[in-house]
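Below is structure.cif, holding mmCIF, C-alpha atoms.
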data_work
loop_
_atom_site.label_atom_id
_atom_site.label_comp_id
_atom_site.auth_asym_id
_atom_site.auth_seq_id
_atom_site.Cartn_x
_atom_site.Cartn_y
_atom_site.Cartn_z
CA MET F 1 -24.27 -7.16 -7.76
CA ARG F 2 -25.56 -5.56 -10.97
CA ALA F 3 -23.61 -5.87 -14.21
CA ILE F 4 -24.04 -5.47 -17.96
CA ALA F 5 -24.06 -8.47 -20.29
CA PHE F 6 -23.64 -8.43 -24.07
CA LYS F 7 -26.15 -10.52 -26.03
CA GLU F 8 -24.92 -12.41 -29.07
CA THR F 9 -27.75 -11.03 -31.18
CA GLY F 10 -28.04 -7.35 -32.07
CA GLY F 11 -30.87 -4.88 -31.64
CA PRO F 12 -31.88 -2.68 -28.73
CA GLU F 13 -31.41 -5.57 -26.30
CA VAL F 14 -27.71 -5.93 -27.09
CA LEU F 15 -26.96 -4.68 -23.56
CA ARG F 16 -28.99 -5.97 -20.63
CA PRO F 17 -28.56 -5.82 -16.85
CA VAL F 18 -27.86 -9.10 -15.12
CA GLU F 19 -27.36 -10.19 -11.53
CA LEU F 20 -23.96 -11.59 -10.58
CA PRO F 21 -22.97 -13.14 -7.25
CA ASP F 22 -20.99 -10.79 -5.04
CA PRO F 23 -17.33 -11.81 -4.76
CA GLN F 24 -16.45 -13.38 -1.46
CA PRO F 25 -14.63 -10.82 0.69
CA GLY F 26 -10.98 -11.50 1.40
CA ARG F 27 -9.63 -12.24 4.84
CA GLY F 28 -8.14 -8.79 5.02
CA GLU F 29 -4.48 -9.72 4.74
CA VAL F 30 -2.22 -6.77 3.96
CA LEU F 31 1.34 -6.37 2.67
CA ILE F 32 3.12 -3.06 3.26
CA HIS F 33 6.34 -2.18 1.44
CA ALA F 34 8.85 0.11 3.19
CA ALA F 35 7.55 -1.28 6.45
CA VAL F 36 9.63 0.89 8.79
CA GLY F 37 9.13 4.23 7.03
CA GLY F 38 6.94 6.98 8.43
CA VAL F 39 3.93 5.85 6.40
CA GLY F 40 4.61 2.12 6.63
CA SER F 41 4.97 2.07 10.41
CA ALA F 42 1.67 3.93 10.81
CA ALA F 43 -0.10 1.90 8.10
CA ALA F 44 0.67 -1.36 9.89
CA GLN F 45 -0.90 -0.08 13.08
CA LEU F 46 -3.92 1.30 11.22
CA ALA F 47 -4.45 -2.01 9.43
CA ARG F 48 -4.32 -3.85 12.74
CA SER F 49 -6.70 -1.34 14.35
CA LEU F 50 -9.15 -1.74 11.46
CA GLY F 51 -9.22 -5.51 11.89
CA ALA F 52 -6.83 -6.89 9.30
CA ALA F 53 -6.46 -10.64 9.68
CA ALA F 54 -2.71 -10.46 9.03
CA VAL F 55 -0.23 -7.67 8.34
CA TYR F 56 3.05 -8.34 6.52
CA GLY F 57 5.85 -5.96 5.61
CA THR F 58 8.93 -5.79 3.41
CA VAL F 59 12.22 -3.99 4.09
CA SER F 60 15.62 -3.69 2.50
CA THR F 61 17.78 -5.01 5.39
CA GLN F 62 17.58 -7.51 8.22
CA GLU F 63 18.19 -4.73 10.73
CA LYS F 64 15.08 -2.94 9.51
CA ALA F 65 13.12 -6.19 9.69
CA GLU F 66 13.87 -6.50 13.39
CA TYR F 67 12.93 -2.86 13.97
CA ALA F 68 9.64 -3.23 12.08
CA ARG F 69 8.25 -5.95 14.34
CA ARG F 70 7.44 -3.41 17.05
CA PHE F 71 4.62 -2.07 14.88
CA GLY F 72 2.52 -5.24 14.99
CA TYR F 73 3.54 -7.02 11.81
CA ASP F 74 2.84 -10.74 11.72
CA ASP F 75 6.00 -11.18 9.67
CA VAL F 76 8.51 -8.99 7.87
CA PHE F 77 10.34 -10.12 4.73
CA LEU F 78 13.40 -8.88 2.93
CA ARG F 79 12.37 -7.24 -0.32
CA ASP F 80 14.39 -9.60 -2.50
CA GLY F 81 12.18 -12.62 -3.10
CA PHE F 82 9.29 -11.33 -0.99
CA ALA F 83 6.57 -12.69 -3.29
CA ASP F 84 7.58 -16.29 -2.59
CA ALA F 85 7.71 -15.55 1.15
CA VAL F 86 4.23 -14.01 1.09
CA ARG F 87 2.73 -16.96 -0.77
CA GLU F 88 4.30 -19.34 1.74
CA ALA F 89 2.98 -17.32 4.69
CA THR F 90 -0.54 -17.31 3.21
CA SER F 91 -0.60 -20.98 2.15
CA GLY F 92 -0.34 -19.99 -1.49
CA ARG F 93 -3.29 -17.61 -1.48
CA GLY F 94 -1.60 -14.22 -1.39
CA VAL F 95 -2.72 -11.01 0.29
CA ASP F 96 -5.80 -8.88 -0.35
CA LEU F 97 -4.04 -5.52 -0.39
CA VAL F 98 -0.50 -4.40 -1.18
CA LEU F 99 0.56 -0.86 -0.23
CA ASP F 100 3.41 0.17 -2.49
CA PRO F 101 5.42 3.41 -2.20
CA VAL F 102 8.51 1.80 -3.76
CA GLY F 103 7.81 1.13 -7.44
CA GLY F 104 9.88 -0.55 -10.15
CA PRO F 105 10.53 -4.30 -9.82
CA THR F 106 8.95 -4.30 -6.35
CA ARG F 107 5.65 -3.12 -7.82
CA LEU F 108 5.75 -5.70 -10.57
CA ALA F 109 6.49 -8.53 -8.13
CA SER F 110 3.63 -7.38 -5.90
CA PHE F 111 1.11 -8.85 -8.32
CA GLU F 112 2.64 -12.27 -7.74
CA ALA F 113 1.81 -11.89 -4.04
CA LEU F 114 -1.79 -10.79 -4.65
CA ALA F 115 -4.85 -12.93 -3.94
CA PRO F 116 -7.85 -13.07 -6.30
CA PHE F 117 -9.97 -9.90 -5.91
CA GLY F 118 -6.93 -8.22 -4.32
CA ARG F 119 -5.44 -4.89 -5.30
CA VAL F 120 -2.12 -3.07 -5.35
CA ALA F 121 -2.39 0.52 -4.11
CA VAL F 122 0.38 2.82 -5.36
CA TYR F 123 1.26 5.95 -3.39
CA GLY F 124 4.90 6.69 -4.16
CA GLU F 125 8.05 6.04 -6.19
CA ALA F 126 10.73 5.89 -3.51
CA ALA F 127 13.06 3.66 -5.53
CA ARG F 128 13.01 6.18 -8.40
CA HIS F 129 12.89 3.47 -11.04
CA PRO F 130 11.52 4.33 -14.48
CA ASP F 131 7.79 3.78 -14.78
CA LEU F 132 6.78 0.24 -15.67
CA THR F 133 6.54 -0.12 -19.43
CA THR F 134 5.44 -3.77 -19.42
CA LEU F 135 2.66 -4.40 -16.95
CA PRO F 136 1.06 -7.81 -17.58
CA VAL F 137 -2.67 -7.20 -17.72
CA LEU F 138 -3.89 -10.74 -18.36
CA PRO F 139 -3.13 -11.95 -14.79
CA LEU F 140 -5.11 -8.98 -13.45
CA TRP F 141 -8.09 -9.79 -15.61
CA LYS F 142 -8.06 -13.55 -15.05
CA ASN F 143 -7.74 -13.27 -11.27
CA ASN F 144 -9.98 -10.21 -10.75
CA ARG F 145 -7.04 -8.22 -9.40
CA ALA F 146 -6.73 -4.44 -9.54
CA LEU F 147 -4.15 -1.64 -9.56
CA THR F 148 -5.11 1.67 -7.99
CA GLY F 149 -3.37 4.93 -7.13
CA HIS F 150 -3.51 7.36 -4.23
CA ASN F 151 -2.00 10.82 -4.59
CA ILE F 152 -2.68 13.15 -1.68
CA GLY F 153 -2.00 16.28 -3.70
CA ASP F 154 -4.55 15.34 -6.36
CA LEU F 155 -7.03 14.26 -3.68
CA ALA F 156 -6.66 17.64 -1.95
CA ARG F 157 -7.52 19.42 -5.20
CA ARG F 158 -10.37 17.21 -6.33
CA ALA F 159 -11.96 16.07 -3.08
CA PRO F 160 -10.77 18.15 -0.12
CA GLU F 161 -13.66 17.03 2.07
CA THR F 162 -12.71 13.39 1.50
CA LEU F 163 -9.13 14.17 2.47
CA ARG F 164 -10.32 16.00 5.57
CA ARG F 165 -12.50 13.07 6.59
CA HIS F 166 -9.68 10.57 6.12
CA THR F 167 -7.23 12.78 8.00
CA LEU F 168 -9.54 13.23 10.96
CA ALA F 169 -10.18 9.49 11.11
CA ALA F 170 -6.44 8.76 11.11
CA LEU F 171 -5.73 11.42 13.75
CA GLY F 172 -8.51 9.91 15.84
CA GLU F 173 -6.63 6.60 15.82
CA VAL F 174 -3.51 8.45 16.99
CA ALA F 175 -5.42 10.29 19.74
CA SER F 176 -6.91 7.02 20.99
CA GLY F 177 -3.46 5.44 21.29
CA ALA F 178 -4.21 2.79 18.65
CA VAL F 179 -1.49 4.28 16.42
CA CYS F 180 1.85 5.64 17.57
CA ILE F 181 3.75 8.01 15.28
CA ASP F 182 7.34 6.80 15.35
CA ILE F 183 9.39 10.02 15.25
CA THR F 184 13.03 8.97 15.10
CA ALA F 185 14.78 12.12 13.86
CA GLU F 186 14.33 15.88 14.05
CA TYR F 187 16.11 18.37 11.83
CA ASP F 188 16.33 22.13 11.86
CA LEU F 189 14.77 23.71 8.81
CA ALA F 190 18.25 24.69 7.64
CA ASP F 191 19.14 20.99 7.47
CA ALA F 192 16.19 20.06 5.25
CA ALA F 193 18.50 19.09 2.38
CA LYS F 194 20.35 16.64 4.63
CA ALA F 195 17.08 15.09 5.78
CA ARG F 196 15.97 14.67 2.19
CA ARG F 197 19.21 12.96 1.22
CA LEU F 198 18.75 10.42 4.02
CA LEU F 199 15.19 9.75 2.94
CA GLU F 200 16.18 9.33 -0.70
CA ALA F 201 18.94 6.91 0.32
CA GLY F 202 16.44 4.81 2.28
CA GLU F 203 18.49 5.13 5.45
CA ASN F 204 15.69 6.41 7.66
CA ARG F 205 13.49 4.52 10.08
CA GLY F 206 10.18 5.89 11.27
CA LYS F 207 9.24 9.52 10.82
CA ALA F 208 11.75 12.31 10.25
CA VAL F 209 10.40 15.79 10.97
CA LEU F 210 11.60 19.34 10.43
CA ARG F 211 11.82 21.64 13.44
CA VAL F 212 10.52 25.13 12.74
CA ARG F 213 11.74 27.73 15.23
CA ARG F 214 9.81 30.92 15.85
#
Written as structure tokens, how would this file's structure read?
Amino acid sequence: MRAIAFKETGGPEVLRPVELPDPQPGRGEVLIHAAVGGVGSAAAQLARSLGAAAVYGTVSTQEKAEYARRFGYDDVFLRDGFADAVREATSGRGVDLVLDPVGGPTRLASFEALAPFGRVAVYGEAARHPDLTTLPVLPLWKNNRALTGHNIGDLARRAPETLRRHTLAALGEVASGAVCIDITAEYDLADAAKARRLLEAGENRGKAVLRVRR
């Protein structure tokens, strides 16, 4: 792996390329927040299909934890205190990837469940907490951890071909039967406001869809 090193002396050689050892790849352990939602239920199956060594999830209630197990999770934890549960399940190591659509305190605690060279991927703010104003950066730096974002609207504008490629790959997993879309509720378009209220309250399981009549 190529990198840039700073020399202690000045001059034109102050920056020079150096060779660094490649970091050892993680074991591919994944933690998915909102494990029974439309995205979470599909993400667990995709992670398993792509060869993740272990897939963990978090939910808000014990009832949802039981429901989530049908999607192939190795274990599902209640969101309160999940970081300790994850570390125990991974023998203290943590996971390589956290998928977080929740935000707030859940996002902050996710870094405590992250292994070295791991990353937290943000793709939502379901809990509607204010944005984090105190994100500790030193633990990220010292453990080679990372925080990244994924916004499908921005991706569609900036890299539509990338979005198309990702979408086709995901739909291919569905077509093959490796991933099952868990549709649990259908609403008429006139009831869209009701569907949104249920989603915002976190009362849904699986995928809720709107029925468009011709």
I'd like to see the residues matched by the PyMOL selection byres ((chain F and resi 208) around 10) on this file, and ideally I'd get them as a short mmCIF file (atom, residue, chain, number, x, y, z; two decimals) with C-alpha atoms, in the coordinates of the input.
data_model
loop_
_atom_site.label_atom_id
_atom_site.label_comp_id
_atom_site.auth_asym_id
_atom_site.auth_seq_id
_atom_site.Cartn_x
_atom_site.Cartn_y
_atom_site.Cartn_z
CA GLY F 37 9.13 4.23 7.03
CA GLY F 38 6.94 6.98 8.43
CA ASP F 182 7.34 6.80 15.35
CA ILE F 183 9.39 10.02 15.25
CA THR F 184 13.03 8.97 15.10
CA ALA F 185 14.78 12.12 13.86
CA GLU F 186 14.33 15.88 14.05
CA TYR F 187 16.11 18.37 11.83
CA ALA F 195 17.08 15.09 5.78
CA ARG F 196 15.97 14.67 2.19
CA LEU F 198 18.75 10.42 4.02
CA LEU F 199 15.19 9.75 2.94
CA ASN F 204 15.69 6.41 7.66
CA ARG F 205 13.49 4.52 10.08
CA GLY F 206 10.18 5.89 11.27
CA LYS F 207 9.24 9.52 10.82
CA VAL F 209 10.40 15.79 10.97
CA LEU F 210 11.60 19.34 10.43
CA ARG F 211 11.82 21.64 13.44
#
- Message: Counting all atoms listed in the file, which residue out of F:Gly177, F:Gly28, F:Gly149, F:Pro130 sits closest to Leu114 (chain F)?
- Response: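 Result for the nearest residue to Leu114 (chain F): F:Gly28.
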- Task: Rank nothing, just name the residue among F:Gly202, F:Glu29, F:Ala178, F:Val39 nearest to Val55 (chain F), using all atoms listed in the file.
- Result: F:Glu29
- On this structure, which residues satisfy the PyMOL selection byres ((chain F and resi 44) around 7), written as an NGL selection string? :F and (40-43 or 45-48 or 55 or 71-73)
- Top pick for closest residue to Ile32 (chain F), considering F:Leu140, F:Ala109, F:Val86, F:Leu99 and counting all atoms listed in the file: F:Leu99
- Please tell me which residues are no farther than 8 Å from (9.5, 0.5, 1.4) in the file, counting all atoms listed in the file, and write them as a ChimeraX atom specification. /F:32-37,40,58-60,100-102,126
- Shortest interatomic distance to Leu147 (chain F) - which of F:Val179, F:Val30, F:Val98, F:Ala159, counting all atoms listed in the file: F:Val98
- Interatomic distance (Å, one decimal) between CA of Gly57 (chain F) and CA of Leu31 (chain F):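 Computing the Euclidean distance for CA of Gly57 (chain F) and CA of Leu31 (chain F) yields 5.4 Å.
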- Message: Would you compute the distance between CA of Pro116 (chain F) and CA of Gly51 (chain F)? Give it in Å to one decimal.
- Response: 19.7 Å
- Item | Best match for closeness to Tyr56 (chain F) among F:Arg145, F:Arg213, F:Arg158, F:Arg87, counting all atoms listed in the file | F:Arg87
Given 5 Å of margin on each side, can you work out the centre and size in Å (one decimal) of an axis-aligned box holding every listed atom of region 90-109 of chain F, as lines of an AutoDock Vina configuration file?
center_x = 2.4
center_y = -8.8
center_z = -3.7
size_x = 26.3
size_y = 34.4
size_z = 23.8
- I need the residue set behind the PyMOL selection byres ((chain F and resi 144) around 9) for this file; please write it as an MDAnalysis selection string. chainID F and resid 115:119 139:143 145:146
- Message: Taking all atoms listed in the file into account, name the residue in F:Asp80, F:Glu112, F:Glu200, F:Asp74 that is nearest to Gln62 (chain F).
- Response: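 Among the listed residues, F:Asp80 lies closest to Gln62 (chain F).
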Would you kindly return, as an mmCIF file with C-alpha atoms, keeping the file's coordinate frame, each protein, DNA or RNA residue with an atom no farther than 9 Å from any atom of region 88-92 of chain F, considering all atoms listed in the file and excluding same-chain residues fewer than 2 positions away?
data_model
loop_
_atom_site.group_PDB
_atom_site.id
_atom_site.type_symbol
_atom_site.label_atom_id
_atom_site.label_comp_id
_atom_site.auth_asym_id
_atom_site.auth_seq_id
_atom_site.Cartn_x
_atom_site.Cartn_y
_atom_site.Cartn_z
ATOM 1 C CA GLU F 29 -4.480 -9.720 4.740
ATOM 2 C CA ASP F 75 6.000 -11.180 9.670
ATOM 3 C CA ALA F 83 6.570 -12.690 -3.290
ATOM 4 C CA ASP F 84 7.580 -16.290 -2.590
ATOM 5 C CA ALA F 85 7.710 -15.550 1.150
ATOM 6 C CA VAL F 86 4.230 -14.010 1.090
ATOM 7 C CA GLY F 94 -1.600 -14.220 -1.390
ATOM 8 C CA VAL F 95 -2.720 -11.010 0.290
ATOM 9 C CA ALA F 113 1.810 -11.890 -4.040
ATOM 10 C CA ALA F 115 -4.850 -12.930 -3.940
#
